[in-house]
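Trainee: entry_7.csv (CSV, C-alpha atoms) pasted underneath:
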```csv
chain,number,residue,atom,x,y,z
A,1,MET,CA,1.0,260.1,142.0
A,2,LEU,CA,-0.6,260.7,145.4
A,3,ALA,CA,0.7,264.3,145.4
A,4,LEU,CA,-1.8,265.1,142.6
A,5,SER,CA,-5.3,266.5,143.1
A,6,LYS,CA,-8.1,264.3,144.3
A,7,ASN,CA,-9.7,264.4,140.9
A,8,MET,CA,-6.5,263.2,139.3
A,9,TRP,CA,-6.3,260.5,141.9
A,10,ARG,CA,-9.8,259.2,140.9
A,11,ILE,CA,-8.7,259.2,137.2
A,12,ASN,CA,-5.6,257.1,138.0
A,13,LEU,CA,-7.7,254.6,139.9
A,14,SER,CA,-10.4,254.4,137.2
A,15,SER,CA,-7.7,253.8,134.5
A,16,LEU,CA,-7.0,250.5,136.3
A,17,THR,CA,-10.5,249.2,136.1
A,18,ALA,CA,-11.2,249.1,132.4
A,19,ALA,CA,-13.7,246.5,131.1
A,20,ARG,CA,-12.3,243.0,130.7
A,21,PRO,CA,-11.6,241.7,127.1
A,22,LYS,CA,-13.9,239.0,126.1
A,23,ARG,CA,-11.1,236.4,125.5
A,24,PRO,CA,-8.4,235.5,128.0
A,25,ARG,CA,-5.1,237.1,127.4
A,26,GLY,CA,-3.1,234.1,128.7
A,27,ARG,CA,-2.7,232.0,131.8
A,28,VAL,CA,-1.0,233.5,134.8
A,29,PHE,CA,0.1,231.7,138.0
A,30,LEU,CA,0.3,234.3,140.7
A,31,GLY,CA,2.2,233.8,144.0
A,32,LEU,CA,-0.7,234.5,146.4
A,33,SER,CA,1.0,235.0,149.8
A,34,GLY,CA,-2.0,236.1,151.9
A,35,GLY,CA,-0.9,239.7,151.8
A,36,VAL,CA,-2.5,242.8,150.3
A,37,ASP,CA,0.1,243.3,147.5
A,38,SER,CA,-0.4,239.9,145.9
A,39,ALA,CA,-4.2,240.1,146.4
A,40,VAL,CA,-4.4,243.3,144.5
A,41,SER,CA,-2.1,241.9,141.8
A,42,ALA,CA,-4.5,239.1,141.3
A,43,ALA,CA,-7.4,241.4,141.1
A,44,LEU,CA,-5.7,243.7,138.5
A,45,LEU,CA,-4.7,240.8,136.3
A,46,LYS,CA,-8.1,239.3,136.3
A,47,ARG,CA,-9.7,242.6,135.4
A,48,GLN,CA,-7.3,242.9,132.5
A,49,GLY,CA,-8.6,239.6,131.1
A,50,PHE,CA,-6.0,237.1,132.2
A,51,ASP,CA,-6.8,233.6,133.3
A,52,VAL,CA,-5.4,233.9,136.8
A,53,THR,CA,-4.6,231.0,139.2
A,54,GLY,CA,-3.6,231.9,142.8
A,55,VAL,CA,-0.7,229.8,144.2
A,56,PHE,CA,0.3,229.7,147.8
A,57,ILE,CA,4.0,228.7,148.2
A,58,LYS,CA,4.9,226.9,151.4
A,59,VAL,CA,8.5,227.5,152.4
A,60,TRP,CA,10.6,226.0,155.3
A,61,GLN,CA,10.1,227.2,158.8
A,62,PRO,CA,12.1,225.9,161.8
A,63,ASP,CA,10.5,223.8,164.5
A,64,PHE,CA,11.5,226.3,167.3
A,65,LEU,CA,9.5,229.2,165.9
A,66,PRO,CA,5.7,229.8,165.8
A,67,CYS,CA,4.4,228.4,162.5
A,68,SER,CA,2.2,231.0,160.7
A,69,TRP,CA,2.0,229.5,157.2
A,70,ARG,CA,-1.5,227.9,157.7
A,71,GLU,CA,-2.9,231.3,158.6
A,72,GLU,CA,-1.3,232.9,155.6
A,73,ARG,CA,-2.6,230.1,153.3
A,74,ARG,CA,-6.1,230.6,154.8
A,75,ASP,CA,-5.9,234.4,153.9
A,76,ALA,CA,-4.7,233.5,150.4
A,77,MET,CA,-7.6,231.1,149.9
A,78,LYS,CA,-10.1,233.8,151.0
A,79,VAL,CA,-8.7,236.1,148.4
A,80,ALA,CA,-9.0,233.4,145.7
A,81,ILE,CA,-12.6,232.8,146.7
A,82,ALA,CA,-13.4,236.5,146.7
A,83,LEU,CA,-11.9,236.9,143.2
A,84,ASP,CA,-13.4,233.5,142.0
A,85,ILE,CA,-10.1,232.2,140.7
A,86,PRO,CA,-8.5,228.7,141.0
A,87,PHE,CA,-6.2,228.1,144.0
A,88,LEU,CA,-3.2,225.8,144.2
A,89,PHE,CA,-0.8,224.9,147.0
A,90,PHE,CA,2.9,224.3,146.2
A,91,ASP,CA,5.1,222.8,148.9
A,92,PHE,CA,8.7,224.0,148.3
A,93,GLU,CA,9.9,223.4,151.8
A,94,GLU,CA,12.8,221.1,150.8
A,95,GLU,CA,13.9,223.4,148.0
A,96,TYR,CA,13.7,226.5,150.3
A,97,LYS,CA,15.7,224.8,153.0
A,98,ARG,CA,18.4,223.7,150.6
A,99,GLY,CA,18.5,226.7,148.3
A,100,VAL,CA,18.0,229.5,150.7
A,101,VAL,CA,18.4,228.6,154.4
A,102,ASP,CA,21.4,226.3,154.1
A,103,LYS,CA,23.3,228.7,151.8
A,104,MET,CA,22.5,231.6,154.2
A,105,ILE,CA,23.8,229.7,157.2
A,106,ALA,CA,27.0,228.7,155.4
A,107,GLU,CA,27.7,232.3,154.4
A,108,TYR,CA,27.3,233.5,158.0
A,109,LYS,CA,29.6,230.7,159.2
A,110,ALA,CA,32.2,232.1,156.7
A,111,GLY,CA,31.9,235.5,158.3
A,112,ARG,CA,29.8,237.0,155.4
A,113,THR,CA,26.4,238.5,155.2
A,114,PRO,CA,24.1,237.1,152.5
A,115,ASN,CA,20.7,238.3,151.2
A,116,PRO,CA,18.1,235.6,151.9
A,117,ASP,CA,15.5,237.5,149.9
A,118,VAL,CA,17.7,237.5,146.9
A,119,LEU,CA,18.2,233.8,147.3
A,120,CYS,CA,14.5,233.2,147.6
A,121,ASN,CA,13.7,235.1,144.4
A,122,LYS,CA,16.4,233.3,142.5
A,123,GLU,CA,15.8,229.7,143.8
A,124,ILE,CA,12.1,229.7,144.6
A,125,LYS,CA,9.8,232.4,143.1
A,126,PHE,CA,11.6,232.7,139.8
A,127,GLY,CA,13.2,229.3,140.0
A,128,VAL,CA,11.2,226.2,141.0
A,129,PHE,CA,7.9,228.1,141.0
A,130,TRP,CA,8.3,229.3,137.4
A,131,LYS,CA,9.4,225.8,136.3
A,132,LYS,CA,6.4,224.2,138.0
A,133,ALA,CA,4.0,226.8,136.6
A,134,LYS,CA,5.3,226.1,133.0
A,135,GLU,CA,4.8,222.4,133.5
A,136,LEU,CA,1.2,223.0,134.4
A,137,GLY,CA,0.5,225.2,131.4
A,138,ALA,CA,1.2,228.8,132.6
A,139,ASP,CA,2.2,231.4,130.1
A,140,TYR,CA,3.3,233.8,132.8
A,141,ILE,CA,4.0,234.1,136.5
A,142,ALA,CA,3.3,237.1,138.7
A,143,THR,CA,4.1,238.4,142.2
A,144,GLY,CA,3.3,241.4,144.3
A,145,HIS,CA,6.8,242.9,144.1
A,146,TYR,CA,7.2,246.6,143.8
A,147,ALA,CA,9.1,246.7,140.5
A,148,ARG,CA,8.3,247.3,136.9
A,149,ILE,CA,9.0,245.6,133.6
A,150,GLU,CA,8.9,247.9,130.6
A,151,LYS,CA,10.2,247.1,127.2
A,152,ASP,CA,12.1,244.1,128.5
A,153,LYS,CA,13.9,246.1,131.1
A,154,LEU,CA,13.6,245.8,134.9
A,155,LYS,CA,12.8,249.1,136.5
A,156,GLU,CA,12.4,250.4,140.1
A,157,GLY,CA,8.9,250.4,141.6
A,158,ARG,CA,7.0,253.7,141.3
A,159,ASP,CA,6.8,253.9,145.1
A,160,GLN,CA,10.4,254.5,146.1
A,161,ASP,CA,9.8,253.6,149.8
A,162,LYS,CA,8.6,250.1,148.6
A,163,ASP,CA,10.9,249.5,145.6
A,164,GLN,CA,12.1,245.9,145.6
A,165,SER,CA,14.3,245.9,142.5
A,166,TYR,CA,17.3,245.4,144.7
A,167,PHE,CA,16.1,241.9,145.5
A,168,LEU,CA,15.4,241.0,141.8
A,169,TRP,CA,18.9,241.4,140.2
A,170,THR,CA,19.2,237.7,139.5
A,171,LEU,CA,16.4,237.7,137.0
A,172,LYS,CA,17.3,236.5,133.5
A,173,PRO,CA,16.6,238.6,130.4
A,174,ASP,CA,14.6,235.7,128.8
A,175,ASP,CA,12.3,235.6,131.8
A,176,LEU,CA,11.2,239.2,131.8
A,177,PRO,CA,8.5,238.7,129.0
A,178,HIS,CA,6.9,236.0,131.2
A,179,ILE,CA,6.7,238.0,134.5
A,180,PHE,CA,4.2,240.5,135.8
A,181,PHE,CA,4.5,242.8,138.7
A,182,PRO,CA,1.0,244.3,138.6
A,183,VAL,CA,1.5,246.7,141.6
A,184,GLY,CA,4.9,247.9,140.6
A,185,GLY,CA,3.6,251.1,139.0
A,186,LEU,CA,1.5,252.0,142.0
A,187,GLU,CA,2.1,253.8,145.3
A,188,LYS,CA,1.3,251.7,148.4
A,189,LYS,CA,-1.6,253.9,149.3
A,190,ALA,CA,-3.2,253.2,145.9
A,191,VAL,CA,-2.8,249.5,146.4
A,192,ARG,CA,-4.6,249.8,149.8
A,193,ALA,CA,-7.3,251.8,148.1
A,194,LEU,CA,-7.8,249.3,145.4
A,195,ALA,CA,-8.0,246.4,147.9
A,196,ARG,CA,-10.9,248.3,149.6
A,197,ARG,CA,-12.5,249.1,146.3
A,198,TYR,CA,-12.4,245.4,145.3
A,199,HIS,CA,-13.6,244.3,148.7
A,200,LEU,CA,-10.6,242.0,149.2
A,201,PRO,CA,-10.6,240.2,152.6
A,202,VAL,CA,-7.0,241.3,153.3
A,203,ALA,CA,-7.5,245.0,152.6
A,204,GLU,CA,-6.7,246.1,156.1
A,205,LYS,CA,-4.0,243.4,156.8
A,206,LYS,CA,-0.7,244.8,158.0
A,207,ASP,CA,2.4,244.3,155.9
A,208,SER,CA,4.7,241.5,157.0
A,209,GLN,CA,8.0,242.4,158.4
A,210,GLY,CA,11.4,240.7,158.1
A,211,ILE,CA,12.3,237.4,156.5
A,212,CYS,CA,9.4,235.2,155.9
A,213,PHE,CA,10.7,232.0,157.6
A,214,ILE,CA,12.0,233.9,160.7
A,215,GLY,CA,9.1,236.2,161.5
A,216,ASP,CA,9.5,238.4,164.5
A,217,VAL,CA,12.7,236.7,165.7
A,218,GLY,CA,16.0,238.6,165.1
A,219,MET,CA,18.5,237.1,162.7
A,220,ASP,CA,21.1,236.8,165.5
A,221,GLU,CA,18.8,234.8,167.7
A,222,PHE,CA,17.9,232.6,164.7
A,223,LEU,CA,21.5,231.9,163.8
A,224,THR,CA,22.4,230.8,167.4
A,225,TYR,CA,20.4,227.6,166.8
A,226,PHE,CA,22.7,226.6,163.9
A,227,ILE,CA,26.0,228.3,164.7
A,228,SER,CA,28.1,228.0,167.9
A,229,THR,CA,29.1,231.4,169.2
A,230,GLU,CA,30.8,232.9,172.2
A,231,PRO,CA,30.8,236.4,173.7
A,232,GLY,CA,33.7,238.6,172.7
A,233,GLN,CA,35.1,242.0,173.0
A,234,VAL,CA,34.0,245.2,171.3
A,235,LEU,CA,37.0,247.3,170.4
A,236,ASN,CA,37.5,250.9,169.4
A,237,THR,CA,39.8,251.8,166.5
A,238,LYS,CA,42.7,252.0,168.9
A,239,ASP,CA,42.2,248.3,169.7
A,240,GLU,CA,41.0,249.2,173.2
A,241,ALA,CA,38.2,247.0,174.7
A,242,ILE,CA,35.2,249.1,175.3
A,243,GLY,CA,32.3,246.6,175.4
A,244,THR,CA,31.0,243.1,174.7
A,245,HIS,CA,29.1,241.3,172.0
A,246,ASN,CA,27.5,237.9,171.5
A,247,GLY,CA,29.7,236.4,168.8
A,248,ALA,CA,31.4,238.1,165.8
A,249,LEU,CA,29.8,235.8,163.3
A,250,LEU,CA,26.4,237.3,164.1
A,251,TYR,CA,27.1,240.9,163.1
A,252,THR,CA,27.1,242.9,159.9
A,253,ILE,CA,29.4,245.7,159.0
A,254,GLY,CA,27.5,249.0,159.5
A,255,GLU,CA,25.2,247.6,162.2
A,256,ARG,CA,24.7,249.6,165.3
A,257,HIS,CA,22.6,247.3,167.5
A,258,GLY,CA,23.1,244.0,169.4
A,259,PHE,CA,26.3,244.8,171.2
A,260,GLU,CA,27.1,246.8,174.4
A,261,VAL,CA,29.6,249.7,174.7
A,262,PHE,CA,30.5,250.4,178.4
A,263,LYS,CA,33.1,253.1,177.9
A,264,LYS,CA,31.3,256.0,176.4
A,265,SER,CA,30.2,259.5,177.5
A,266,PRO,CA,26.6,260.8,177.6
A,267,THR,CA,27.4,262.9,174.5
A,268,ASP,CA,28.7,260.0,172.3
A,269,GLY,CA,26.6,259.2,169.3
A,270,ALA,CA,25.7,255.7,168.0
A,271,PHE,CA,28.6,253.3,167.5
A,272,TYR,CA,28.7,251.4,164.1
A,273,ILE,CA,30.6,248.2,163.4
A,274,VAL,CA,33.5,249.0,161.0
A,275,SER,CA,35.2,245.6,161.0
A,276,LYS,CA,35.2,242.2,162.6
A,277,ASN,CA,37.9,239.5,163.3
A,278,LEU,CA,36.5,236.0,163.4
A,279,LYS,CA,39.7,234.4,164.7
A,280,ALA,CA,39.9,236.8,167.6
A,281,ASN,CA,36.1,236.9,167.9
A,282,THR,CA,36.2,240.7,168.1
A,283,ILE,CA,34.3,243.5,166.4
A,284,THR,CA,35.6,247.0,166.0
A,285,VAL,CA,33.3,250.0,166.2
A,286,SER,CA,33.4,253.8,165.8
A,287,ASN,CA,31.0,256.7,166.4
A,288,LYS,CA,33.0,259.2,164.3
A,289,GLU,CA,31.7,259.7,160.8
A,290,PRO,CA,35.1,260.6,159.2
A,291,GLU,CA,36.7,257.6,160.8
A,292,ILE,CA,33.9,255.3,159.6
A,293,ILE,CA,34.3,256.6,156.0
A,294,SER,CA,38.1,256.4,156.1
A,295,LEU,CA,37.9,252.7,157.1
A,296,SER,CA,35.4,251.8,154.4
A,297,PRO,CA,36.8,250.1,151.3
A,298,THR,CA,37.1,252.0,148.0
A,299,GLU,CA,37.6,249.0,145.7
A,300,ILE,CA,36.2,245.5,145.9
A,301,THR,CA,35.9,242.4,143.7
A,302,ILE,CA,32.5,241.0,142.8
A,303,LYS,CA,31.3,237.5,141.9
A,304,HIS,CA,28.1,235.8,140.5
A,305,VAL,CA,27.6,238.8,138.2
A,306,ASN,CA,24.3,238.8,136.4
A,307,TRP,CA,23.3,241.4,133.7
A,308,ILE,CA,19.6,241.8,133.0
A,309,THR,CA,20.5,244.7,130.6
A,310,GLU,CA,24.0,245.1,129.5
A,311,PRO,CA,25.5,248.4,130.6
A,312,LEU,CA,26.5,250.9,127.9
A,313,ALA,CA,29.3,252.4,130.0
A,314,SER,CA,31.6,251.5,132.9
A,315,LEU,CA,30.3,254.4,135.0
A,316,LEU,CA,27.1,253.5,136.8
A,317,SER,CA,25.3,253.8,140.1
A,318,ALA,CA,24.8,251.1,142.6
A,319,ARG,CA,23.1,250.2,145.9
A,320,ILE,CA,25.0,248.1,148.4
A,321,ARG,CA,21.9,247.5,150.6
A,322,TYR,CA,18.1,247.5,150.3
A,323,ARG,CA,16.8,251.1,150.4
A,324,GLY,CA,20.4,252.4,150.4
A,325,GLU,CA,21.4,255.5,148.5
A,326,LYS,CA,22.7,255.0,145.0
A,327,ILE,CA,26.5,255.4,144.9
A,328,PRO,CA,28.4,256.4,141.8
A,329,ILE,CA,30.8,253.5,140.8
A,330,SER,CA,33.0,252.4,138.0
A,331,LEU,CA,33.7,248.9,136.8
A,332,PHE,CA,37.2,247.6,135.9
A,333,LEU,CA,39.1,244.4,135.5
A,334,ALA,CA,41.9,243.3,137.7
A,335,GLY,CA,43.3,240.2,135.9
A,336,LYS,CA,40.2,238.1,135.3
A,337,GLU,CA,38.2,239.6,138.2
A,338,LEU,CA,35.5,242.2,137.7
A,339,CYS,CA,35.9,244.9,140.3
A,340,VAL,CA,34.1,248.0,141.5
A,341,GLU,CA,35.6,251.3,142.5
A,342,PHE,CA,33.3,253.6,144.6
A,343,GLN,CA,33.4,257.2,143.4
A,344,ALA,CA,31.9,258.5,146.6
A,345,PRO,CA,32.3,257.5,150.3
A,346,VAL,CA,30.6,254.4,151.4
A,347,ARG,CA,29.7,253.3,154.9
A,348,GLY,CA,28.6,249.9,156.1
A,349,LEU,CA,29.8,247.8,153.2
A,350,SER,CA,29.4,244.1,154.1
A,351,LEU,CA,31.0,241.4,152.0
A,352,GLY,CA,28.5,238.6,150.9
A,353,GLN,CA,25.7,241.1,150.3
A,354,SER,CA,24.4,242.2,147.0
A,355,ILE,CA,25.6,245.2,145.0
A,356,VAL,CA,22.9,246.1,142.4
A,357,PHE,CA,23.6,248.3,139.4
A,358,TYR,CA,21.4,251.0,138.0
A,359,ASP,CA,21.2,253.4,135.0
A,360,GLY,CA,18.6,255.9,136.2
A,361,ASP,CA,15.5,253.8,137.2
A,362,VAL,CA,16.6,250.8,135.2
A,363,CYS,CA,18.0,247.9,137.2
A,364,LEU,CA,20.8,246.6,135.1
A,365,GLY,CA,21.7,243.6,137.2
A,366,GLY,CA,23.9,242.9,140.2
A,367,ALA,CA,26.5,240.7,141.9
A,368,VAL,CA,27.8,239.6,145.2
A,369,MET,CA,30.5,241.7,146.9
A,370,ASP,CA,33.4,239.3,147.4
A,371,ARG,CA,36.5,240.8,148.8
A,372,VAL,CA,38.3,244.1,149.4
A,373,LEU,CA,41.1,245.0,147.1
A,374,GLU,CA,44.2,245.9,149.0
```
Is it possible to give me this structure as structure tokens?

Mentor:
Amino acid sequence: MLALSKNMWRINLSSLTAARPKRPRGRVFLGLSGGVDSAVSAALLKRQGFDVTGVFIKVWQPDFLPCSWREERRDAMKVAIALDIPFLFFDFEEEYKRGVVDKMIAEYKAGRTPNPDVLCNKEIKFGVFWKKAKELGADYIATGHYARIEKDKLKEGRDQDKDQSYFLWTLKPDDLPHIFFPVGGLEKKAVRALARRYHLPVAEKKDSQGICFIGDVGMDEFLTYFISTEPGQVLNTKDEAIGTHNGALLYTIGERHGFEVFKKSPTDGAFYIVSKNLKANTITVSNKEPEIISLSPTEITIKHVNWITEPLASLLSARIRYRGEKIPISLFLAGKELCVEFQAPVRGLSLGQSIVFYDGDVCLGGAVMDRVLE
């Protein structure tokens, strides 16, 4: 949209600011995080005639990290005041600790790499939040996610750099008619422009980075508070020790940071983790693309499968990480297990993470990558 002419840009903005209907179109509880995306979402829904209530959701934060939720809540309250909408505060700290953090730590202990953002969406935003909103009379819930819902299908966000459909694969088909993603059809620049146009107090606020309850601390440092680790050896594919790491549990297949390689030449490229051995506390790395590809699995089993839209064929495309390229895959059964065969080389596949299926721009659903088929 932003590649069009300036005049066309003005038309696109003005189309979002039509006069409000006289009667409310329904009651919406919107997750108001204190950021620009949810703020603009609230503004758009109100201008479209909905009865909008802003809700700040408090999640768990560890005692050893700086606590920023009060500042975020203050920004969310400022947005609610600016838009003249009701404001509520939901404390889901216990639910978040149990449903997201504890599950994440347990997966890391098992040597797997979970997606805490997927867990948060399933357990909190579209779980207990939606349940509480319905109890209080809401017809819909809304968030600032970059995704679209069209004709009861979940689609990628218009801004490919911000698309968050990967994290939403656990949504249920029956929930889609009750969910709004107001900025999902916009580019990020358009969202910023609307925030300024509506004089929202967070118009110039920077986007948050990383996982909400961790903040600026790295995942490996966070995990050391809950998981005992010991330094170990970094191996090459010939099982030769070439460096050290802080504990095999802390690393993800495909990662290239957080460990040291001593035996390398000035011309060597980046080393990527291709496997890890928890019993021996070692990680194996390679800096050779053909070798990395050859060591990547071609068939895996999957679990916790959820279909938002049933696929019409067994040949689909899939992402194995957020913002990753779509990979052609086929689905097949091995006994009672649903399996995935990759039709193109993959690199950095990490068990425990989500694999999300697509048909064009439609997010069909997803699953958790469970184990490699021998």

Trainee: Take CA of Ser275 (chain A) and CA of Lys263 (chain A) and report the distance between them in Å, one decimal.

Mentor: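 Pair CA of Ser275 (chain A) / CA of Lys263 (chain A) returns 18.6 Å.
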
Trainee: Would you list the contacts of region 309-317 of chain A as number ranges by chain, taking every protein, DNA or RNA residue within 6 Å and counting all atoms listed in the file, but skipping same-chain residues closer than 5 positions in sequence?

Mentor: A: 326-331, 357-358, 364

Trainee: What lies within 9 Å of region 170-180 of chain A using all atoms listed in the file, ignoring chain neighbours under 5 positions off, as a PDB file with C-alpha atoms, in the frame of the given file?

Mentor:
```pdb
ATOM      1  CA  VAL A  28      -1.000 233.500 134.800  1.00  0.00           C
ATOM      2  CA  LEU A  30       0.300 234.300 140.700  1.00  0.00           C
ATOM      3  CA  SER A  41      -2.100 241.900 141.800  1.00  0.00           C
ATOM      4  CA  LEU A  45      -4.700 240.800 136.300  1.00  0.00           C
ATOM      5  CA  VAL A 118      17.700 237.500 146.900  1.00  0.00           C
ATOM      6  CA  LEU A 119      18.200 233.800 147.300  1.00  0.00           C
ATOM      7  CA  ASN A 121      13.700 235.100 144.400  1.00  0.00           C
ATOM      8  CA  LYS A 122      16.400 233.300 142.500  1.00  0.00           C
ATOM      9  CA  PHE A 126      11.600 232.700 139.800  1.00  0.00           C
ATOM     10  CA  ASP A 139       2.200 231.400 130.100  1.00  0.00           C
ATOM     11  CA  TYR A 140       3.300 233.800 132.800  1.00  0.00           C
ATOM     12  CA  ILE A 141       4.000 234.100 136.500  1.00  0.00           C
ATOM     13  CA  ALA A 142       3.300 237.100 138.700  1.00  0.00           C
ATOM     14  CA  THR A 143       4.100 238.400 142.200  1.00  0.00           C
ATOM     15  CA  GLY A 144       3.300 241.400 144.300  1.00  0.00           C
ATOM     16  CA  ARG A 148       8.300 247.300 136.900  1.00  0.00           C
ATOM     17  CA  ILE A 149       9.000 245.600 133.600  1.00  0.00           C
ATOM     18  CA  LYS A 151      10.200 247.100 127.200  1.00  0.00           C
ATOM     19  CA  ASP A 152      12.100 244.100 128.500  1.00  0.00           C
ATOM     20  CA  LYS A 153      13.900 246.100 131.100  1.00  0.00           C
ATOM     21  CA  LEU A 154      13.600 245.800 134.900  1.00  0.00           C
ATOM     22  CA  VAL A 305      27.600 238.800 138.200  1.00  0.00           C
ATOM     23  CA  ASN A 306      24.300 238.800 136.400  1.00  0.00           C
ATOM     24  CA  TRP A 307      23.300 241.400 133.700  1.00  0.00           C
ATOM     25  CA  ILE A 308      19.600 241.800 133.000  1.00  0.00           C
ATOM     26  CA  THR A 309      20.500 244.700 130.600  1.00  0.00           C
ATOM     27  CA  GLY A 365      21.700 243.600 137.200  1.00  0.00           C
ATOM     28  CA  GLY A 366      23.900 242.900 140.200  1.00  0.00           C
ATOM     29  CA  ALA A 367      26.500 240.700 141.900  1.00  0.00           C
TER      30      ALA A 367
END
```

Trainee: Could you check which of A:Asp75, A:Glu240, A:Glu221, A:Asp359 is closest to Val55 (chain A), using all atoms listed in the file?

Mentor: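 Among A:Asp75, A:Glu240, A:Glu221, A:Asp359, it is A:Asp75 that comes nearest to Val55 (chain A).
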
Trainee: Looking at all atoms listed in the file, which of A:Ala270, A:Ala190, A:Leu250, A:Leu44 is the one that sits closest to Lys109 (chain A)?

Mentor: A:Leu250

Trainee: Which residues, written as a compact mmCIF listing (two decimals) with C-alpha atoms, keeping the file's coordinate frame, have at least one atom at most 9 Å from Thr237 (chain A), with only C-alpha atoms counted and residues fewer than 2 positions away on the same chain left out?

Mentor:
```
# COMPACT_ATOMS: atom_id res chain seq x y z
CA LEU A 235 37.00 247.30 170.40
CA ASP A 239 42.20 248.30 169.70
CA GLU A 240 41.00 249.20 173.20
CA VAL A 274 33.50 249.00 161.00
CA THR A 284 35.60 247.00 166.00
CA VAL A 285 33.30 250.00 166.20
CA SER A 286 33.40 253.80 165.80
CA GLU A 291 36.70 257.60 160.80
```

Trainee: Around the point (-6.9, 244.6, 157.1), in the coordinates given by the file, pick out the residues reaching within 10 Å, counting all atoms listed in the file, and return them as a ChimeraX atom specification.

Mentor: /A:35-36,192,195-196,200-207

Trainee: In file coordinates, which residues lie within 10 Å of (26.8, 247.1, 170.0) using all atoms listed in the file, given as JSON, numbers by chain?

Mentor: {"A": [234, 243, 244, 245, 246, 251, 255, 256, 257, 258, 259, 260, 261, 262, 270, 271, 272, 273, 283, 284, 285]}

Trainee: For Asp163 (chain A), which residue out of A:Leu249, A:Cys363, A:Ala138, A:Ala193 is the nearest one, using only C-alpha atoms?

Mentor: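 Distance minimum relative to Asp163 (chain A) lands on A:Cys363.
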
Trainee: If we count all atoms listed in the file and set the cut-off at 10 Å, which residues sit around Ala82 (chain A), ignoring sequence neighbours fewer than 5 positions away in its own chain? Please answer as a PyMOL selection string.

Mentor: chain A and resi 39+43+76-77+198-201

Trainee: With C-alpha atoms retained, write the just-selected residues as a PDB file, in the frame of the given file.

Mentor:
```
ATOM      1  CA  ALA A  39      -4.200 240.100 146.400  1.00  0.00           C
ATOM      2  CA  ALA A  43      -7.400 241.400 141.100  1.00  0.00           C
ATOM      3  CA  ALA A  76      -4.700 233.500 150.400  1.00  0.00           C
ATOM      4  CA  MET A  77      -7.600 231.100 149.900  1.00  0.00           C
ATOM      5  CA  TYR A 198     -12.400 245.400 145.300  1.00  0.00           C
ATOM      6  CA  HIS A 199     -13.600 244.300 148.700  1.00  0.00           C
ATOM      7  CA  LEU A 200     -10.600 242.000 149.200  1.00  0.00           C
ATOM      8  CA  PRO A 201     -10.600 240.200 152.600  1.00  0.00           C
TER       9      PRO A 201
END
```

Trainee: Would you please work out which residue, of A:Leu295, A:Ile320, A:Val101, A:Ala334, is nearest to Met369 (chain A) when using only C-alpha atoms?

Mentor: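 The answer is A:Ile320, which sits nearest to Met369 (chain A).
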
Trainee: For each of A:Ala241, A:Val340, A:Val372, A:Val59, take the minimum atom-to-atom distance to Phe129 (chain A), counting only C-alpha atoms, then give the residue where this is smallest.

Mentor: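 Looking at the shortest contact to Phe129 (chain A), the residue is A:Val59.
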